[in-house]
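Content type PDB, C-alpha atoms, from the file coords14.pdb:
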```
ATOM      1  CA  MET B  63     -26.463 -16.766  17.518
ATOM      2  CA  HIS B  64     -26.204 -13.012  17.340
ATOM      3  CA  ILE B  65     -22.731 -11.535  17.328
ATOM      4  CA  HIS B  66     -22.372  -7.860  18.004
ATOM      5  CA  PRO B  67     -21.256  -6.012  14.858
ATOM      6  CA  LEU B  68     -18.371  -4.450  16.730
ATOM      7  CA  ALA B  69     -17.044  -7.770  18.085
ATOM      8  CA  ALA B  70     -14.639  -8.339  15.173
ATOM      9  CA  PRO B  71     -13.254  -4.765  15.099
ATOM     10  CA  LEU B  72     -12.767  -4.880  18.860
ATOM     11  CA  ALA B  73     -10.913  -8.190  18.546
ATOM     12  CA  VAL B  74      -8.623  -6.696  15.879
ATOM     13  CA  ALA B  75      -8.055  -3.610  18.029
ATOM     14  CA  ALA B  76      -7.237  -5.788  21.042
ATOM     15  CA  ALA B  77      -4.738  -7.835  19.007
ATOM     16  CA  ALA B  78      -3.106  -4.651  17.697
ATOM     17  CA  ALA B  79      -2.923  -3.218  21.219
ATOM     18  CA  GLY B  80      -1.336  -6.441  22.460
ATOM     19  CA  GLY B  81       1.244  -6.306  19.683
ATOM     20  CA  CYS B  82       2.007  -2.669  20.456
ATOM     21  CA  ALA B  83       2.397  -3.482  24.155
ATOM     22  CA  ALA B  84       4.843  -6.284  23.327
ATOM     23  CA  ILE B  85       6.863  -3.962  21.056
ATOM     24  CA  TRP B  86       6.848  -1.245  23.726
ATOM     25  CA  ALA B  87       8.078  -3.665  26.395
ATOM     26  CA  ALA B  88      10.710  -5.381  24.237
ATOM     27  CA  ASN B  89      12.158  -2.174  22.703
ATOM     28  CA  PRO B  90      13.428  -3.383  19.309
ATOM     29  CA  THR B  91      15.597  -0.255  18.881
ATOM     30  CA  ILE B  92      18.228  -1.867  21.136
ATOM     31  CA  PRO B  93      19.964  -4.681  19.203
ATOM     32  CA  GLY B  94      19.946  -8.179  20.633
ATOM     33  CA  GLY B  95      16.493  -7.918  22.170
ATOM     34  CA  ILE B  96      13.920 -10.650  22.459
ATOM     35  CA  LEU B  97      12.039  -9.701  19.276
ATOM     36  CA  PRO B  98      13.341 -11.495  16.168
ATOM     37  CA  VAL B  99      15.311  -9.721  13.481
ATOM     38  CA  CYS B 100      13.644  -9.972  10.073
ATOM     39  CA  PRO B 101      14.661 -13.333   8.516
ATOM     40  CA  THR B 102      15.555 -11.608   5.239
ATOM     41  CA  LYS B 103      18.050  -9.412   7.055
ATOM     42  CA  ALA B 104      19.337 -12.200   9.298
ATOM     43  CA  LEU B 105      19.909 -14.607   6.394
ATOM     44  CA  PHE B 106      20.934 -12.331   3.513
ATOM     45  CA  GLY B 107      21.981  -9.073   5.155
ATOM     46  CA  ILE B 108      19.704  -6.978   2.972
ATOM     47  CA  ASP B 109      16.687  -4.879   3.882
ATOM     48  CA  CYS B 110      13.325  -6.227   2.798
ATOM     49  CA  PRO B 111      10.416  -3.786   2.341
ATOM     50  CA  GLY B 112       9.248  -4.544   5.886
ATOM     51  CA  CYS B 113      12.604  -4.278   7.664
ATOM     52  CA  GLY B 114      12.609  -1.745  10.495
ATOM     53  CA  SER B 115       8.851  -2.004  11.002
ATOM     54  CA  LEU B 116       9.096  -3.063  14.643
ATOM     55  CA  ARG B 117      11.415  -0.125  15.395
ATOM     56  CA  MET B 118       9.116   2.127  13.350
ATOM     57  CA  ILE B 119       6.119   1.103  15.472
ATOM     58  CA  TYR B 120       8.154   1.503  18.663
ATOM     59  CA  SER B 121       9.097   5.046  17.611
ATOM     60  CA  LEU B 122       5.494   5.780  16.666
ATOM     61  CA  LEU B 123       4.312   4.658  20.113
ATOM     62  CA  HIS B 124       6.750   7.159  21.619
ATOM     63  CA  PHE B 125       5.587   9.945  19.259
ATOM     64  CA  ASP B 126       9.066  10.020  17.717
ATOM     65  CA  PHE B 127       7.853  10.564  14.154
ATOM     66  CA  ALA B 128      11.268  11.433  12.714
ATOM     67  CA  SER B 129      12.685   8.096  13.849
ATOM     68  CA  ALA B 130       9.574   6.307  12.600
ATOM     69  CA  VAL B 131      10.113   7.758   9.111
ATOM     70  CA  HIS B 132      13.786   6.819   9.295
ATOM     71  CA  TYR B 133      13.172   3.176  10.245
ATOM     72  CA  ASN B 134      10.560   2.428   7.576
ATOM     73  CA  ALA B 135       8.856   5.297   5.759
ATOM     74  CA  LEU B 136       6.779   3.040   3.518
ATOM     75  CA  GLY B 137       5.809   0.933   6.522
ATOM     76  CA  LEU B 138       4.586   4.091   8.225
ATOM     77  CA  VAL B 139       2.406   4.880   5.196
ATOM     78  CA  ALA B 140       1.115   1.292   5.307
ATOM     79  CA  VAL B 141       0.212   1.665   8.990
ATOM     80  CA  LEU B 142      -1.744   4.848   8.261
ATOM     81  CA  LEU B 143      -3.556   3.206   5.311
ATOM     82  CA  LEU B 144      -4.369   0.138   7.397
ATOM     83  CA  MET B 145      -5.786   2.381  10.138
ATOM     84  CA  TRP B 146      -7.918   4.091   7.482
ATOM     85  CA  ALA B 147      -9.181   0.741   6.198
ATOM     86  CA  PHE B 148      -9.853  -0.358   9.776
ATOM     87  CA  ALA B 149     -11.871   2.809  10.468
ATOM     88  CA  ALA B 150     -13.932   2.370   7.279
ATOM     89  CA  TRP B 151     -14.520  -1.310   8.048
ATOM     90  CA  THR B 152     -15.596  -0.568  11.628
ATOM     91  CA  TYR B 153     -17.916   2.227  10.489
ATOM     92  CA  GLY B 154     -19.381  -0.059   7.816
ATOM     93  CA  ARG B 155     -20.173  -2.726  10.401
ATOM     94  CA  LEU B 156     -21.713  -0.091  12.657
ATOM     95  CA  VAL B 157     -24.084   1.240   9.986
ATOM     96  CA  GLY B 158     -24.690  -2.189   8.441
ATOM     97  CA  ARG B 159     -23.386  -1.652   4.914
ATOM     98  CA  GLN B 160     -20.040  -1.972   3.167
ATOM     99  CA  VAL B 161     -18.143   1.314   3.212
ATOM    100  CA  ARG B 162     -15.760   1.782   0.320
ATOM    101  CA  SER B 163     -12.212   2.602   1.282
ATOM    102  CA  TRP B 164      -8.915   3.216  -0.466
ATOM    103  CA  GLN B 165      -8.260  -0.490  -1.097
ATOM    104  CA  HIS B 166     -11.264  -0.689  -3.431
ATOM    105  CA  LEU B 167      -9.914   1.939  -5.826
ATOM    106  CA  ARG B 168      -8.951   0.832  -9.320
ATOM    107  CA  TRP B 169      -5.172   1.228  -8.991
ATOM    108  CA  SER B 170      -4.653   0.551  -5.281
ATOM    109  CA  ALA B 171      -3.331  -2.986  -5.552
ATOM    110  CA  PRO B 172      -0.942  -2.367  -8.491
ATOM    111  CA  THR B 173       0.318   0.775  -6.740
ATOM    112  CA  VAL B 174       0.977  -1.121  -3.518
ATOM    113  CA  LEU B 175       2.822  -3.799  -5.473
ATOM    114  CA  ALA B 176       4.959  -1.276  -7.374
ATOM    115  CA  LEU B 177       5.793   0.756  -4.272
ATOM    116  CA  THR B 178       6.775  -2.384  -2.361
ATOM    117  CA  LEU B 179       9.124  -3.546  -5.122
ATOM    118  CA  VAL B 180      10.671  -0.081  -5.616
ATOM    119  CA  TRP B 181      11.134   0.248  -1.859
ATOM    120  CA  PHE B 182      12.831  -3.161  -1.787
ATOM    121  CA  VAL B 183      15.361  -1.976  -4.378
ATOM    122  CA  VAL B 184      16.097   1.602  -3.311
ATOM    123  CA  ARG B 185      16.796   0.837   0.325
ATOM    124  CA  ASN B 186      19.513  -1.598  -0.682
ATOM    125  CA  LEU B 187      21.289   0.685  -3.164
ATOM    126  CA  GLY B 188      24.776   1.595  -2.031
ATOM    127  CA  PHE B 189      25.295   4.997  -3.644
ATOM    128  CA  GLY B 190      23.982   8.540  -3.496
ATOM    129  CA  PRO B 191      21.335   9.269  -0.881
ATOM    130  CA  PHE B 192      20.064   5.690  -0.762
ATOM    131  CA  PRO B 193      22.267   4.232   2.028
ATOM    132  CA  ALA B 194      20.315   6.479   4.447
ATOM    133  CA  LEU B 195      17.309   4.255   3.794
ATOM    134  CA  TYR B 196      19.144   1.126   4.967
ATOM    135  CA  VAL B 197      18.277   0.376   8.578
TER     136      VAL B 197
ATOM    137  CA  MET Q 625      -7.804 -25.242 -29.574
ATOM    138  CA  THR Q 626     -10.625 -26.607 -27.548
ATOM    139  CA  TYR Q 627     -13.924 -24.945 -27.129
ATOM    140  CA  GLN Q 628     -13.902 -22.694 -24.091
ATOM    141  CA  PRO Q 629     -17.291 -22.548 -22.422
ATOM    142  CA  PRO Q 630     -18.340 -19.036 -21.551
ATOM    143  CA  PRO Q 631     -17.707 -18.154 -17.914
ATOM    144  CA  PRO Q 632     -20.677 -18.768 -15.676
ATOM    145  CA  PRO Q 633     -22.695 -15.682 -14.918
ATOM    146  CA  PRO Q 634     -21.574 -14.036 -11.691
ATOM    147  CA  PRO Q 635     -23.735 -14.893  -8.703
ATOM    148  CA  SER Q 636     -26.906 -12.921  -8.657
ATOM    149  CA  GLY Q 637     -28.189 -10.941  -5.748
ATOM    150  CA  PRO Q 638     -28.721  -7.351  -4.833
ATOM    151  CA  PRO Q 639     -25.552  -5.308  -5.269
ATOM    152  CA  PRO Q 640     -24.639  -4.052  -1.810
ATOM    153  CA  TYR Q 641     -23.620  -0.532  -2.656
ATOM    154  CA  GLY Q 642     -23.907   2.016  -5.408
ATOM    155  CA  ALA Q 643     -25.324  -0.494  -7.871
ATOM    156  CA  PRO Q 644     -23.439   0.118 -11.142
ATOM    157  CA  GLN Q 645     -26.364   0.467 -13.540
ATOM    158  CA  GLY Q 646     -25.855  -1.033 -16.940
ATOM    159  CA  GLY Q 647     -22.112  -1.509 -16.513
ATOM    160  CA  TYR Q 648     -21.415  -4.646 -14.553
ATOM    161  CA  PRO Q 649     -23.871  -7.283 -13.455
ATOM    162  CA  VAL Q 650     -22.533  -7.371  -9.901
ATOM    163  CA  PRO Q 651     -19.935  -5.337  -8.040
ATOM    164  CA  GLN Q 652     -16.339  -6.234  -8.523
ATOM    165  CA  PRO Q 653     -15.088  -8.841  -6.044
ATOM    166  CA  ASP Q 654     -13.048  -7.574  -3.125
ATOM    167  CA  SER Q 655      -9.405  -7.942  -4.105
ATOM    168  CA  ASN Q 656      -8.467  -8.834  -0.494
ATOM    169  CA  LEU Q 657      -5.660  -6.294  -0.738
ATOM    170  CA  VAL Q 658      -5.687  -5.441   2.971
ATOM    171  CA  TRP Q 659      -5.207  -9.102   3.880
ATOM    172  CA  GLY Q 660      -2.264  -9.320   1.516
ATOM    173  CA  ILE Q 661      -0.631  -6.246   3.028
ATOM    174  CA  LEU Q 662      -1.216  -7.512   6.561
ATOM    175  CA  SER Q 663       0.194 -10.887   5.610
ATOM    176  CA  ALA Q 664       3.258  -9.320   3.985
ATOM    177  CA  LEU Q 665       3.848  -6.948   6.876
ATOM    178  CA  LEU Q 666       3.121  -9.172   9.854
ATOM    179  CA  CYS Q 667       3.613 -12.734   8.718
ATOM    180  CA  CYS Q 668       5.581 -13.746   5.689
ATOM    181  CA  LEU Q 669       6.746 -11.205   3.152
ATOM    182  CA  PRO Q 670       7.176 -13.437   0.050
ATOM    183  CA  LEU Q 671       3.767 -15.073   0.318
ATOM    184  CA  GLY Q 672       2.140 -11.731   1.166
ATOM    185  CA  VAL Q 673       3.643 -10.227  -1.983
ATOM    186  CA  VAL Q 674       2.236 -13.119  -4.029
ATOM    187  CA  SER Q 675      -1.145 -12.250  -2.536
ATOM    188  CA  ILE Q 676      -0.735  -8.590  -3.536
ATOM    189  CA  VAL Q 677       0.207  -9.655  -7.073
ATOM    190  CA  TYR Q 678      -3.102 -11.498  -7.379
ATOM    191  CA  SER Q 679      -4.951  -8.557  -5.811
ATOM    192  CA  SER Q 680      -3.560  -6.208  -8.418
ATOM    193  CA  LYS Q 681      -4.998  -8.355 -11.221
ATOM    194  CA  VAL Q 682      -8.587  -8.230  -9.987
ATOM    195  CA  SER Q 683      -9.606  -4.761 -11.181
ATOM    196  CA  GLY Q 684      -8.027  -5.082 -14.610
ATOM    197  CA  LEU Q 685      -9.612  -8.455 -15.325
ATOM    198  CA  TRP Q 686     -12.967  -7.163 -14.128
ATOM    199  CA  MET Q 687     -12.764  -4.093 -16.364
ATOM    200  CA  GLN Q 688     -12.099  -6.375 -19.352
ATOM    201  CA  GLY Q 689     -15.221  -8.354 -18.544
ATOM    202  CA  ARG Q 690     -13.267 -11.420 -17.459
ATOM    203  CA  TYR Q 691     -15.408 -11.835 -14.375
ATOM    204  CA  ALA Q 692     -14.570 -15.449 -13.590
ATOM    205  CA  GLU Q 693     -10.839 -14.789 -13.822
ATOM    206  CA  ALA Q 694     -11.214 -11.711 -11.627
ATOM    207  CA  GLN Q 695     -13.015 -13.801  -9.037
ATOM    208  CA  THR Q 696     -10.289 -16.454  -9.247
ATOM    209  CA  ALA Q 697      -7.591 -13.817  -8.754
ATOM    210  CA  ALA Q 698      -9.423 -12.442  -5.705
ATOM    211  CA  ASP Q 699      -9.734 -15.968  -4.303
ATOM    212  CA  ASN Q 700      -6.038 -16.608  -4.952
ATOM    213  CA  ALA Q 701      -5.142 -13.359  -3.179
ATOM    214  CA  LYS Q 702      -7.064 -14.520  -0.133
ATOM    215  CA  LYS Q 703      -5.549 -17.997  -0.297
ATOM    216  CA  TRP Q 704      -1.959 -16.714  -0.429
ATOM    217  CA  ALA Q 705      -2.607 -14.222   2.357
ATOM    218  CA  ILE Q 706      -3.809 -17.113   4.516
ATOM    219  CA  TRP Q 707      -0.743 -19.211   3.598
ATOM    220  CA  GLY Q 708       1.444 -16.249   4.507
ATOM    221  CA  ALA Q 709      -0.252 -16.013   7.883
ATOM    222  CA  VAL Q 710       0.241 -19.751   8.454
ATOM    223  CA  ALA Q 711       3.914 -19.482   7.472
ATOM    224  CA  GLY Q 712       4.370 -16.516   9.807
ATOM    225  CA  VAL Q 713       2.834 -18.328  12.764
ATOM    226  CA  VAL Q 714       4.874 -21.485  12.075
ATOM    227  CA  GLY Q 715       8.042 -19.397  11.774
ATOM    228  CA  LEU Q 716       7.310 -17.634  15.038
ATOM    229  CA  ILE Q 717       6.762 -20.969  16.805
ATOM    230  CA  ILE Q 718      10.045 -22.358  15.411
ATOM    231  CA  TYR Q 719      11.815 -19.184  16.492
ATOM    232  CA  GLY Q 720      10.306 -19.461  19.987
ATOM    233  CA  VAL Q 721      11.391 -23.102  20.298
ATOM    234  CA  LEU Q 722      14.923 -22.240  19.155
ATOM    235  CA  MET Q 723      15.069 -19.320  21.605
ATOM    236  CA  VAL Q 724      14.002 -21.526  24.510
ATOM    237  CA  ALA Q 725      16.376 -24.306  23.434
ATOM    238  CA  GLY Q 726      19.245 -21.847  22.989
ATOM    239  CA  GLY Q 727      18.541 -20.239  26.331
ATOM    240  CA  MET Q 728      18.526 -23.618  28.056
ATOM    241  CA  ALA Q 729      21.741 -24.650  26.319
ATOM    242  CA  GLY Q 730      23.405 -21.429  27.454
ATOM    243  CA  TYR Q 731      22.138 -21.974  30.967
ATOM    244  CA  MET Q 732      23.502 -25.523  30.981
ATOM    245  CA  SER Q 733      26.932 -24.444  29.753
ATOM    246  CA  VAL Q 734      27.497 -21.807  32.428
ATOM    247  CA  SER Q 735      26.233 -23.928  35.333
TER     248      SER Q 735
END
```

With the file now loaded, output its structure as structure tokens.
Amino acid sequence: MHIHPLAAPLAVAAAAAGGCAAIWAANPTIPGGILPVCPTKALFGIDCPGCGSLRMIYSLLHFDFASAVHYNALGLVAVLLLMWAFAAWTYGRLVGRQVRSWQHLRWSAPTVLALTLVWFVVRNLGFGPFPALYV
Amino acid sequence: MTYQPPPPPPPSGPPPYGAPQGGYPVPQPDSNLVWGILSALLCCLPLGVVSIVYSSKVSGLWMQGRYAEAQTAADNAKKWAIWGAVAGVVGLIIYGVLMVAGGMAGYMSVS
């Protein structure tokens, strides 16, 4: 059976669009909405590296980039990198060869790991400029 | 100390891109980093982070010539990303059930 090379990228794009539509409709920036609060925050009261991502995406969908940075700056970077990887993957399927992207670089994975852990710590620090990172 | 057999030669086949001449027999395995990030972001943060930890080992092991271990790390990264996705879906289902149950309980109490 022949599957069109763009079938998988289109499926991913459709899933992402569906998720964005749900976030748009539910508006996570108003507390007490239908979308769940991050379990880490609900259980322990601390910000995990992903906390604020729904509100970040909601802000991004409304072209409110300042709020998007405020809700989860590292998450915003992750979204941009994932879009890059998605574009490279889609192009690679289109031309029929694997296109190298940022995630294949030597230090990508250790850097992602380090940034995630640092982000986890700094947004929960209670002094200096760090409380501004708590959402 | 038991005798450690040498790791099996990496699977042969034409290297798909930019064949590294003379350096490595085959290209480095994909570290599955994107799957780990997606799993951490969308599904289950702890398991996604475990996946990223394995991803970050792949390049270093490969550079040291420990090809089999690099492949194992890449496979582990994929495995933990999948477990994270499963955990995320299960958590979402549990949350949905609790929401519906809570909503019904609230409806019962006011009526």

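Rounded to one decimal, atom CA of Trp707 of chain Q and atom CA of Gly112 of chain B lie 17.9 Å from each other.
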
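Only residues having an atom at most 9 Å from (-7.6, 2.8, 5.9) are included; using all atoms listed in the file, these are Ala140, Val141, Leu142, Leu143, Leu144, Met145, Trp146, Ala147, Phe148, Ala149, Ala150, Trp151, Ser163, Trp164 and Gln165 of chain B; Val658 of chain Q.
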
Item to check | Test item: chain B residues at most 8 Å from chain Q, counting only C-alpha atoms, as an MDAnalysis selection string | outcome: chainID B and resid 98 112 144 147 159:160 165:166 168:172 174:175

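The two atoms in question, atom CA of Gly81 of chain B and atom CA of Leu167 of chain B, are spaced 29.0 Å apart.
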
Checklist entry - How many Å lie between atom CA of Val197 of chain B and atom CA of Tyr133 of chain B, rounded to one decimal? => result 6.1 Å

Enclosing box along x, y and z for every listed atom of segment 176-188 of chain B, padded 5 Å each side, centre and size in Å, one decimal, as AutoDock Vina command-line options:
```
--center_x 14.9 --center_y -1.0 --center_z -3.5 --size_x 29.8 --size_y 15.1 --size_z 17.7
```

Checklist entry - Residues around (13.2, -9.9, 6.6), cut-off 10 Å, counting only C-alpha atoms - what are they as number ranges by chain? => result B: 98-114; Q: 665, 668-670

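Residues matched by the PyMOL selection byres ((chain B and resi 132) around 10) in this file are Gly114, Arg117, Met118, Ser121, Phe127, Ala128, Ser129, Ala130, Val131, Tyr133, Asn134, Ala135, Leu136, Leu138, Ala194, Leu195, Tyr196 and Val197 of chain B.
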
Next on the checklist: For a quick check of understanding, using only C-alpha atoms, which of B:Leu177, B:Leu116, B:Ala69, B:Ala78 has the smallest distance to Thr91 of chain B?
Outcome noted: B:Leu116

Item to check | Distance criterion (all atoms listed in the file): nearest to Ile119 of chain B out of B:His66, B:Pro90, B:Pro193, B:Gly154 | outcome: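 Answer, going by the shortest atom-to-atom distance: B:Pro90.
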
Please, can segment 658-683 of chain Q be completed to N, CA and C atoms and returned as a CSV table (one decimal), keeping the file's coordinate frame?
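Output saved as selection25.csv:
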```csv
chain,number,residue,atom,x,y,z
Q,658,VAL,N,-6.1,-5.7,1.6
Q,658,VAL,CA,-5.7,-5.4,3.0
Q,658,VAL,C,-5.1,-6.7,3.6
Q,659,TRP,N,-5.7,-7.9,3.3
Q,659,TRP,CA,-5.2,-9.1,3.9
Q,659,TRP,C,-3.8,-9.4,3.4
Q,660,GLY,N,-3.6,-9.1,2.1
Q,660,GLY,CA,-2.3,-9.3,1.5
Q,660,GLY,C,-1.2,-8.4,2.2
Q,661,ILE,N,-1.6,-7.2,2.4
Q,661,ILE,CA,-0.6,-6.2,3.0
Q,661,ILE,C,-0.4,-6.7,4.5
Q,662,LEU,N,-1.4,-7.1,5.2
Q,662,LEU,CA,-1.2,-7.5,6.6
Q,662,LEU,C,-0.3,-8.8,6.6
Q,663,SER,N,-0.6,-9.7,5.6
Q,663,SER,CA,0.2,-10.9,5.6
Q,663,SER,C,1.7,-10.6,5.3
Q,664,ALA,N,1.9,-9.7,4.3
Q,664,ALA,CA,3.3,-9.3,4.0
Q,664,ALA,C,4.0,-8.6,5.1
Q,665,LEU,N,3.2,-7.8,5.8
Q,665,LEU,CA,3.8,-6.9,6.9
Q,665,LEU,C,4.1,-7.8,8.1
Q,666,LEU,N,3.1,-8.5,8.5
Q,666,LEU,CA,3.1,-9.2,9.9
Q,666,LEU,C,3.6,-10.6,9.8
Q,667,CYS,N,3.4,-11.3,8.7
Q,667,CYS,CA,3.6,-12.7,8.7
Q,667,CYS,C,4.8,-13.2,7.9
Q,668,CYS,N,4.6,-13.2,6.6
Q,668,CYS,CA,5.6,-13.7,5.7
Q,668,CYS,C,5.6,-12.9,4.4
Q,669,LEU,N,6.7,-12.2,4.3
Q,669,LEU,CA,6.7,-11.2,3.2
Q,669,LEU,C,6.6,-11.8,1.8
Q,670,PRO,N,7.3,-12.9,1.4
Q,670,PRO,CA,7.2,-13.4,0.0
Q,670,PRO,C,5.8,-13.9,-0.3
Q,671,LEU,N,5.1,-14.6,0.6
Q,671,LEU,CA,3.8,-15.1,0.3
Q,671,LEU,C,2.8,-13.9,0.3
Q,672,GLY,N,3.0,-12.9,1.2
Q,672,GLY,CA,2.1,-11.7,1.2
Q,672,GLY,C,2.2,-11.0,-0.1
Q,673,VAL,N,3.5,-10.9,-0.7
Q,673,VAL,CA,3.6,-10.2,-2.0
Q,673,VAL,C,2.9,-11.0,-3.1
Q,674,VAL,N,3.0,-12.3,-3.0
Q,674,VAL,CA,2.2,-13.1,-4.0
Q,674,VAL,C,0.8,-12.8,-4.0
Q,675,SER,N,0.3,-12.6,-2.7
Q,675,SER,CA,-1.1,-12.2,-2.5
Q,675,SER,C,-1.4,-10.9,-3.2
Q,676,ILE,N,-0.5,-9.9,-3.0
Q,676,ILE,CA,-0.7,-8.6,-3.5
Q,676,ILE,C,-0.7,-8.6,-5.1
Q,677,VAL,N,0.2,-9.5,-5.6
Q,677,VAL,CA,0.2,-9.7,-7.1
Q,677,VAL,C,-1.2,-10.1,-7.6
Q,678,TYR,N,-1.8,-11.1,-6.9
Q,678,TYR,CA,-3.1,-11.5,-7.4
Q,678,TYR,C,-4.1,-10.4,-7.2
Q,679,SER,N,-4.0,-9.7,-6.1
Q,679,SER,CA,-5.0,-8.6,-5.8
Q,679,SER,C,-4.9,-7.5,-6.9
Q,680,SER,N,-3.7,-7.3,-7.4
Q,680,SER,CA,-3.6,-6.2,-8.4
Q,680,SER,C,-4.1,-6.6,-9.8
Q,681,LYS,N,-4.4,-7.9,-10.0
Q,681,LYS,CA,-5.0,-8.4,-11.2
Q,681,LYS,C,-6.5,-8.2,-11.3
Q,682,VAL,N,-7.1,-8.1,-10.1
Q,682,VAL,CA,-8.6,-8.2,-10.0
Q,682,VAL,C,-9.3,-7.1,-10.8
Q,683,SER,N,-8.9,-5.9,-10.5
Q,683,SER,CA,-9.6,-4.8,-11.2
Q,683,SER,C,-9.5,-4.8,-12.7
```
